[in-house]
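work06.cif follows; it contains mmCIF, C-alpha atoms and all ligand atoms.
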data_work
#
loop_
_atom_site.group_PDB
_atom_site.id
_atom_site.type_symbol
_atom_site.label_atom_id
_atom_site.label_comp_id
_atom_site.auth_asym_id
_atom_site.auth_seq_id
_atom_site.Cartn_x
_atom_site.Cartn_y
_atom_site.Cartn_z
ATOM 1 C CA MET A 4 -241.022 32.686 -26.613
ATOM 2 C CA LYS A 5 -238.914 30.294 -24.579
ATOM 3 C CA PRO A 6 -235.206 30.389 -25.361
ATOM 4 C CA THR A 7 -235.218 26.676 -26.270
ATOM 5 C CA LEU A 8 -238.004 27.245 -28.777
ATOM 6 C CA VAL A 9 -236.107 30.161 -30.306
ATOM 7 C CA ALA A 10 -233.017 27.984 -30.505
ATOM 8 C CA SER A 11 -234.796 25.129 -32.221
ATOM 9 C CA LEU A 12 -236.545 27.470 -34.643
ATOM 10 C CA THR A 13 -233.179 29.007 -35.504
ATOM 11 C CA LEU A 14 -231.732 25.537 -36.010
ATOM 12 C CA CYS A 15 -234.638 24.658 -38.233
ATOM 13 C CA ALA A 16 -234.122 27.747 -40.386
ATOM 14 C CA LEU A 17 -230.388 27.080 -40.537
ATOM 15 C CA SER A 18 -230.770 23.469 -41.585
ATOM 16 C CA SER A 19 -233.208 24.363 -44.363
ATOM 17 C CA LEU A 20 -230.650 26.878 -45.576
ATOM 18 C CA ILE A 21 -228.038 24.142 -45.633
ATOM 19 C CA ILE A 22 -230.400 21.749 -47.420
ATOM 20 C CA GLY A 23 -231.197 24.530 -49.896
ATOM 21 C CA ALA A 24 -227.507 24.966 -50.629
ATOM 22 C CA ALA A 25 -227.054 21.216 -51.035
ATOM 23 C CA ALA A 26 -229.880 21.101 -53.587
ATOM 24 C CA GLN A 27 -227.915 23.399 -55.866
ATOM 25 C CA ASP A 28 -224.991 21.015 -55.751
ATOM 26 C CA ALA A 29 -227.227 18.047 -56.509
ATOM 27 C CA PRO A 30 -226.499 16.107 -59.724
ATOM 28 C CA VAL A 31 -227.495 18.170 -62.737
ATOM 29 C CA ASP A 32 -230.855 17.262 -64.194
ATOM 30 C CA LEU A 33 -230.399 13.851 -65.863
ATOM 31 C CA VAL A 34 -232.856 14.667 -68.622
ATOM 32 C CA LYS A 35 -230.861 17.751 -69.639
ATOM 33 C CA VAL A 36 -227.598 15.837 -69.629
ATOM 34 C CA GLY A 37 -229.242 13.117 -71.694
ATOM 35 C CA ALA A 38 -230.527 15.653 -74.205
ATOM 36 C CA LYS A 39 -226.980 16.934 -74.765
ATOM 37 C CA THR A 40 -225.528 13.465 -75.180
ATOM 38 C CA TYR A 41 -228.361 12.640 -77.555
ATOM 39 C CA ASP A 42 -227.856 15.778 -79.676
ATOM 40 C CA THR A 43 -224.176 14.992 -80.115
ATOM 41 C CA ASN A 44 -224.306 11.256 -80.703
ATOM 42 C CA CYS A 45 -227.751 10.068 -81.647
ATOM 43 C CA ALA A 46 -229.645 12.915 -83.325
ATOM 44 C CA PRO A 47 -227.904 12.542 -86.726
ATOM 45 C CA CYS A 48 -229.658 9.195 -87.201
ATOM 46 C CA HIS A 49 -232.530 9.186 -84.721
ATOM 47 C CA GLY A 50 -233.689 12.710 -85.474
ATOM 48 C CA ASP A 51 -233.500 16.149 -83.940
ATOM 49 C CA LYS A 52 -235.159 16.257 -80.491
ATOM 50 C CA LEU A 53 -236.113 12.580 -80.812
ATOM 51 C CA VAL A 54 -238.364 13.280 -83.812
ATOM 52 C CA SER A 55 -237.636 10.314 -86.045
ATOM 53 C CA SER A 56 -237.054 10.999 -89.726
ATOM 54 C CA GLY A 57 -237.738 7.356 -90.415
ATOM 55 C CA ILE A 58 -234.138 6.369 -91.204
ATOM 56 C CA ALA A 59 -233.645 4.822 -87.757
ATOM 57 C CA PHE A 60 -235.802 3.324 -85.023
ATOM 58 C CA ASP A 61 -238.132 5.858 -83.357
ATOM 59 C CA LEU A 62 -236.736 5.955 -79.816
ATOM 60 C CA LYS A 63 -239.973 7.411 -78.429
ATOM 61 C CA ARG A 64 -241.471 3.985 -79.021
ATOM 62 C CA LEU A 65 -239.331 2.382 -76.327
ATOM 63 C CA ARG A 66 -241.513 1.290 -73.430
ATOM 64 C CA GLU A 67 -240.765 1.807 -69.775
ATOM 65 C CA ASP A 68 -239.760 -1.852 -69.309
ATOM 66 C CA GLU A 69 -237.384 -1.885 -72.284
ATOM 67 C CA ARG A 70 -234.339 -0.516 -70.510
ATOM 68 C CA PRO A 71 -232.469 -3.843 -70.909
ATOM 69 C CA ARG A 72 -233.161 -3.769 -74.669
ATOM 70 C CA PHE A 73 -231.952 -0.161 -74.815
ATOM 71 C CA ASP A 74 -228.760 -0.932 -72.894
ATOM 72 C CA ASN A 75 -228.073 -3.955 -75.054
ATOM 73 C CA SER A 76 -228.644 -2.235 -78.418
ATOM 74 C CA VAL A 77 -226.655 0.868 -77.500
ATOM 75 C CA THR A 78 -223.777 -1.081 -75.992
ATOM 76 C CA ASN A 79 -223.541 -3.771 -78.667
ATOM 77 C CA GLY A 80 -225.070 -2.067 -81.698
ATOM 78 C CA LYS A 81 -227.737 -3.523 -83.951
ATOM 79 C CA ASN A 82 -227.479 -3.890 -87.751
ATOM 80 C CA ALA A 83 -226.800 -0.350 -89.121
ATOM 81 C CA MET A 84 -226.675 1.003 -85.587
ATOM 82 C CA PRO A 85 -223.086 1.250 -84.345
ATOM 83 C CA SER A 86 -221.946 -0.071 -80.969
ATOM 84 C CA TRP A 87 -221.372 2.669 -78.407
ATOM 85 C CA ARG A 88 -219.278 0.508 -76.111
ATOM 86 C CA GLY A 89 -216.572 2.631 -74.507
ATOM 87 C CA ILE A 90 -218.049 5.827 -75.971
ATOM 88 C CA ILE A 91 -221.303 6.088 -74.033
ATOM 89 C CA LYS A 92 -220.532 5.510 -70.360
ATOM 90 C CA GLU A 93 -222.919 3.885 -67.884
ATOM 91 C CA LYS A 94 -223.999 7.200 -66.394
ATOM 92 C CA ASP A 95 -224.594 8.602 -69.876
ATOM 93 C CA LEU A 96 -226.875 5.630 -70.524
ATOM 94 C CA ASP A 97 -228.889 6.611 -67.446
ATOM 95 C CA ALA A 98 -229.126 10.178 -68.718
ATOM 96 C CA LEU A 99 -230.040 9.148 -72.274
ATOM 97 C CA TRP A 100 -232.688 6.816 -70.920
ATOM 98 C CA ALA A 101 -234.110 9.579 -68.712
ATOM 99 C CA TYR A 102 -234.280 11.898 -71.741
ATOM 100 C CA ILE A 103 -235.958 9.264 -73.918
ATOM 101 C CA ARG A 104 -238.459 8.316 -71.215
ATOM 102 C CA ALA A 105 -239.296 11.973 -70.613
ATOM 103 C CA ASN A 106 -240.297 12.251 -74.286
ATOM 104 C CA ALA A 107 -241.743 8.790 -74.893
ATOM 105 C CA TYR A 108 -245.161 8.248 -76.423
ATOM 106 C CA PRO A 109 -247.822 7.915 -73.745
HETATM 107 C C1 LIG B 201 -225.284 5.929 -87.704
HETATM 108 C C2 LIG B 201 -226.677 6.101 -87.355
HETATM 109 C C3 LIG B 201 -227.056 5.875 -85.895
HETATM 110 C C4 LIG B 201 -226.599 6.531 -84.790
HETATM 111 C C5 LIG B 201 -225.567 7.654 -84.728
HETATM 112 C C6 LIG B 201 -227.326 6.010 -83.656
HETATM 113 N N1 LIG B 201 -228.197 5.034 -84.074
HETATM 114 FE FE1 LIG B 201 -229.460 3.977 -82.919
HETATM 115 N N2 LIG B 201 -230.135 2.966 -84.536
HETATM 116 C C7 LIG B 201 -229.739 3.193 -85.850
HETATM 117 C C8 LIG B 201 -230.472 2.307 -86.740
HETATM 118 C C9 LIG B 201 -230.328 2.249 -88.250
HETATM 119 C C10 LIG B 201 -231.315 1.527 -85.909
HETATM 120 C C11 LIG B 201 -232.245 0.396 -86.342
HETATM 121 C C12 LIG B 201 -231.476 -0.903 -86.165
HETATM 122 C C13 LIG B 201 -232.282 -2.094 -86.665
HETATM 123 O O1 LIG B 201 -233.220 -2.498 -85.963
HETATM 124 O O2 LIG B 201 -231.964 -2.607 -87.724
HETATM 125 C C14 LIG B 201 -231.084 1.970 -84.550
HETATM 126 C C15 LIG B 201 -231.706 1.446 -83.447
HETATM 127 C C16 LIG B 201 -231.563 1.897 -82.163
HETATM 128 C C17 LIG B 201 -232.263 1.370 -81.009
HETATM 129 C C18 LIG B 201 -233.302 0.238 -81.020
HETATM 130 C C19 LIG B 201 -232.619 -1.073 -81.194
HETATM 131 C C20 LIG B 201 -233.595 -2.177 -80.935
HETATM 132 O O3 LIG B 201 -233.537 -2.751 -79.857
HETATM 133 O O4 LIG B 201 -234.415 -2.434 -81.821
HETATM 134 C C21 LIG B 201 -231.848 2.074 -79.936
HETATM 135 C C22 LIG B 201 -232.281 1.862 -78.501
HETATM 136 C C23 LIG B 201 -230.908 3.050 -80.399
HETATM 137 N N3 LIG B 201 -230.748 2.915 -81.761
HETATM 138 C C24 LIG B 201 -230.295 3.977 -79.588
HETATM 139 C C25 LIG B 201 -229.332 4.886 -80.044
HETATM 140 C C26 LIG B 201 -228.691 5.832 -79.183
HETATM 141 C C27 LIG B 201 -228.980 6.002 -77.702
HETATM 142 C C28 LIG B 201 -227.808 6.520 -79.932
HETATM 143 C C29 LIG B 201 -226.829 7.581 -79.495
HETATM 144 C C30 LIG B 201 -225.909 7.186 -78.483
HETATM 145 C C31 LIG B 201 -227.907 5.998 -81.292
HETATM 146 N N4 LIG B 201 -228.857 5.014 -81.314
HETATM 147 C C32 LIG B 201 -227.162 6.442 -82.354
HETATM 148 C C33 LIG B 201 -228.795 4.107 -86.265
HETATM 149 C C34 LIG B 201 -228.069 4.940 -85.442
#

I'd like the structure from this file rewritten - as structure tokens, please.
Ligand code: HEC
Amino acid sequence: MKPTLVASLTLCALSSLIIGAAAQDAPVDLVKVGAKTYDTNCAPCHGDKLVSSGIAFDLKRLREDERPRFDNSVTNGKNAMPSWRGIIKEKDLDALWAYIRANAYP
């Protein structure tokens, strides 16, 4: 093998090691974060693991294009549903949405 080839192969291996390390530091899985936030704040009314008991809207019914509706209802509240303004932060909304979408009806 030519020395330059060895060098570039070594570099290649090194950079994939670095990328591998970076992947571990990547943002924690949004869906998992959303599940936690949901369990704490939403499950009492919307049901354990998104399984609606019928007392509140079934969140699995939200369609992919209803993110604006979701943001609006959660931020401002709706009828018996309290407003989460200042409690649920923007990035928590992203996580909650990811969790809901991951479990939505097909
Ligand atoms: C105190 C009970 C309660 C809690 C806690 C609660 N909700 Fe609700 N939620 C409701 C009720 C009741 C409705 C139905 C409102 C209606 O349409 O009259 C609702 C409706 C909704 C809707 C649909 C509103 C629409 O556009 O029709 C969304 C989205 C929603 N909730 C998200 C959440 C999320 C996310 C959380 C946790 C951060 C949460 N809710 C926590 C009671 C609750």

_I'd like the neighbourhood of Arg64 in chain A as a list of chain:residue names, where a residue qualifies if any of its atoms comes within 10 Å (using all atoms listed in the file), though same-chain residues fewer than 5 positions away should be ignored._
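That gives A:Glu69, A:Ile103, A:Arg104, A:Asn106, A:Ala107, A:Tyr108, A:Pro109.
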
*Would you please work out which residue, of A:Ser55, A:His49, A:Lys81, A:Asn75, is nearest to Glu93 in chain A when using all atoms listed in the file?*
A:Asn75

*Mind telling me what the PyMOL selection byres (((not hetatm)) within 8 of (chain B and resi 201)) catches here, as a PyMOL selection string?*
chain A and resi 40-41+43-49+58-62+65+72-77+80-85+87+91+96+99-100

Please put the answer as JSON: centre and edge lengths, in Å with one decimal, of a box along x, y and z that encloses all listed atoms of range 96-100 of chain A plus 4 Å on each side.
{"center_x": -229.8, "center_y": 7.9, "center_z": -69.9, "size_x": 13.8, "size_y": 12.5, "size_z": 12.8}

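Distances to Glu67 in chain A were evaluated for A:Ala105, A:Asp51, A:Arg88, A:Lys94 using only C-alpha atoms, and the minimum falls at A:Ala105.
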
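Between CA of Gly50 in chain A and CA of Asp95 in chain A there is a distance of 18.5 Å.
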
Using the structure just given, write a file holding all heavy atoms for range 87-102 of chain A, as a compact mmCIF listing (two decimals), in the first residue's frame.
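Result went into decode24.txt, see below:
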# COMPACT_ATOMS: atom_id res chain seq x y z
N TRP A 87 -51.15 25.96 28.44
CA TRP A 87 -49.83 25.52 28.90
C TRP A 87 -48.78 26.58 28.64
O TRP A 87 -47.58 26.30 28.70
CB TRP A 87 -49.45 24.19 28.24
CG TRP A 87 -50.38 23.11 28.66
CD1 TRP A 87 -51.53 22.74 28.01
CD2 TRP A 87 -50.28 22.29 29.82
NE1 TRP A 87 -52.14 21.73 28.71
CE2 TRP A 87 -51.40 21.43 29.82
CE3 TRP A 87 -49.36 22.20 30.86
CZ2 TRP A 87 -51.62 20.50 30.83
CZ3 TRP A 87 -49.57 21.26 31.86
CH2 TRP A 87 -50.69 20.42 31.83
N ARG A 88 -49.25 27.80 28.36
CA ARG A 88 -48.32 28.90 28.09
C ARG A 88 -47.37 29.07 29.27
O ARG A 88 -47.80 29.15 30.41
CB ARG A 88 -49.10 30.20 27.86
CG ARG A 88 -48.25 31.34 27.36
CD ARG A 88 -49.05 32.64 27.34
NE ARG A 88 -50.23 32.56 26.49
CZ ARG A 88 -50.21 32.73 25.17
NH1 ARG A 88 -49.10 33.00 24.56
NH2 ARG A 88 -51.33 32.64 24.47
N GLY A 89 -46.08 29.12 28.98
CA GLY A 89 -45.09 29.33 30.03
C GLY A 89 -44.73 28.05 30.78
O GLY A 89 -43.76 28.03 31.52
N ILE A 90 -45.52 27.00 30.61
CA ILE A 90 -45.22 25.73 31.28
C ILE A 90 -44.54 24.79 30.29
O ILE A 90 -43.50 24.23 30.57
CB ILE A 90 -46.51 25.08 31.83
CG1 ILE A 90 -47.22 26.05 32.78
CG2 ILE A 90 -46.19 23.76 32.54
CD1 ILE A 90 -48.64 25.68 33.11
N ILE A 91 -45.19 24.63 29.13
CA ILE A 91 -44.61 23.81 28.06
C ILE A 91 -43.83 24.74 27.13
O ILE A 91 -44.41 25.61 26.50
CB ILE A 91 -45.73 23.08 27.27
CG1 ILE A 91 -46.55 22.19 28.19
CG2 ILE A 91 -45.14 22.30 26.11
CD1 ILE A 91 -45.85 20.97 28.72
N LYS A 92 -42.52 24.56 27.10
CA LYS A 92 -41.67 25.41 26.28
C LYS A 92 -41.71 24.94 24.82
O LYS A 92 -42.11 23.83 24.53
CB LYS A 92 -40.22 25.34 26.79
CG LYS A 92 -40.08 25.69 28.26
CD LYS A 92 -39.90 27.18 28.46
CE LYS A 92 -39.66 27.55 29.91
NZ LYS A 92 -40.90 27.84 30.64
N GLU A 93 -41.23 25.83 23.94
CA GLU A 93 -41.25 25.55 22.50
C GLU A 93 -40.62 24.19 22.17
O GLU A 93 -41.18 23.41 21.42
CB GLU A 93 -40.50 26.66 21.76
CG GLU A 93 -40.71 26.62 20.27
CD GLU A 93 -41.50 27.85 19.79
OE1 GLU A 93 -42.06 28.59 20.62
OE2 GLU A 93 -41.55 28.06 18.59
N LYS A 94 -39.46 23.91 22.78
CA LYS A 94 -38.80 22.65 22.43
C LYS A 94 -39.55 21.45 23.01
O LYS A 94 -39.50 20.36 22.46
CB LYS A 94 -37.33 22.65 22.83
CG LYS A 94 -37.04 22.70 24.31
CD LYS A 94 -35.54 22.57 24.50
CE LYS A 94 -34.98 22.57 25.89
NZ LYS A 94 -35.82 22.58 27.05
N ASP A 95 -40.30 21.67 24.07
CA ASP A 95 -41.14 20.59 24.60
C ASP A 95 -42.32 20.33 23.67
O ASP A 95 -42.79 19.20 23.54
CB ASP A 95 -41.66 20.94 26.00
CG ASP A 95 -40.52 21.07 27.01
OD1 ASP A 95 -39.56 20.30 26.90
OD2 ASP A 95 -40.61 21.93 27.90
N LEU A 96 -42.79 21.40 23.02
CA LEU A 96 -43.86 21.23 22.03
C LEU A 96 -43.38 20.35 20.89
O LEU A 96 -44.10 19.46 20.44
CB LEU A 96 -44.31 22.59 21.47
CG LEU A 96 -45.27 23.44 22.30
CD1 LEU A 96 -45.61 24.72 21.55
CD2 LEU A 96 -46.56 22.68 22.60
N ASP A 97 -42.15 20.60 20.43
CA ASP A 97 -41.57 19.78 19.36
C ASP A 97 -41.53 18.31 19.79
O ASP A 97 -41.86 17.41 19.03
CB ASP A 97 -40.14 20.22 19.04
CG ASP A 97 -40.10 21.53 18.26
OD1 ASP A 97 -41.15 21.95 17.74
OD2 ASP A 97 -39.01 22.12 18.17
N ALA A 98 -41.09 18.09 21.03
CA ALA A 98 -40.96 16.73 21.54
C ALA A 98 -42.32 16.06 21.70
O ALA A 98 -42.52 14.91 21.30
CB ALA A 98 -40.19 16.74 22.86
N LEU A 99 -43.29 16.80 22.26
CA LEU A 99 -44.64 16.26 22.42
C LEU A 99 -45.23 15.89 21.07
O LEU A 99 -45.84 14.84 20.91
CB LEU A 99 -45.55 17.31 23.09
CG LEU A 99 -45.51 17.38 24.61
CD1 LEU A 99 -46.29 18.60 25.08
CD2 LEU A 99 -46.09 16.12 25.23
N TRP A 100 -45.03 16.80 20.11
CA TRP A 100 -45.56 16.56 18.77
C TRP A 100 -44.91 15.31 18.17
O TRP A 100 -45.59 14.47 17.57
CB TRP A 100 -45.33 17.79 17.88
CG TRP A 100 -45.89 17.63 16.50
CD1 TRP A 100 -45.19 17.50 15.34
CD2 TRP A 100 -47.28 17.56 16.12
NE1 TRP A 100 -46.03 17.36 14.27
CE2 TRP A 100 -47.33 17.40 14.72
CE3 TRP A 100 -48.48 17.62 16.83
CZ2 TRP A 100 -48.53 17.29 14.01
CZ3 TRP A 100 -49.68 17.51 16.12
CH2 TRP A 100 -49.70 17.35 14.73
N ALA A 101 -43.62 15.17 18.34
CA ALA A 101 -42.91 13.99 17.81
C ALA A 101 -43.49 12.72 18.42
O ALA A 101 -43.71 11.72 17.74
CB ALA A 101 -41.41 14.10 18.10
N TYR A 102 -43.74 12.76 19.73
CA TYR A 102 -44.29 11.60 20.44
C TYR A 102 -45.70 11.26 19.93
O TYR A 102 -46.02 10.10 19.66
CB TYR A 102 -44.31 11.89 21.94
CG TYR A 102 -44.98 10.83 22.78
CD1 TYR A 102 -44.53 9.51 22.77
CD2 TYR A 102 -46.06 11.15 23.60
CE1 TYR A 102 -45.15 8.54 23.54
CE2 TYR A 102 -46.68 10.19 24.39
CZ TYR A 102 -46.23 8.89 24.36
OH TYR A 102 -46.85 7.94 25.13
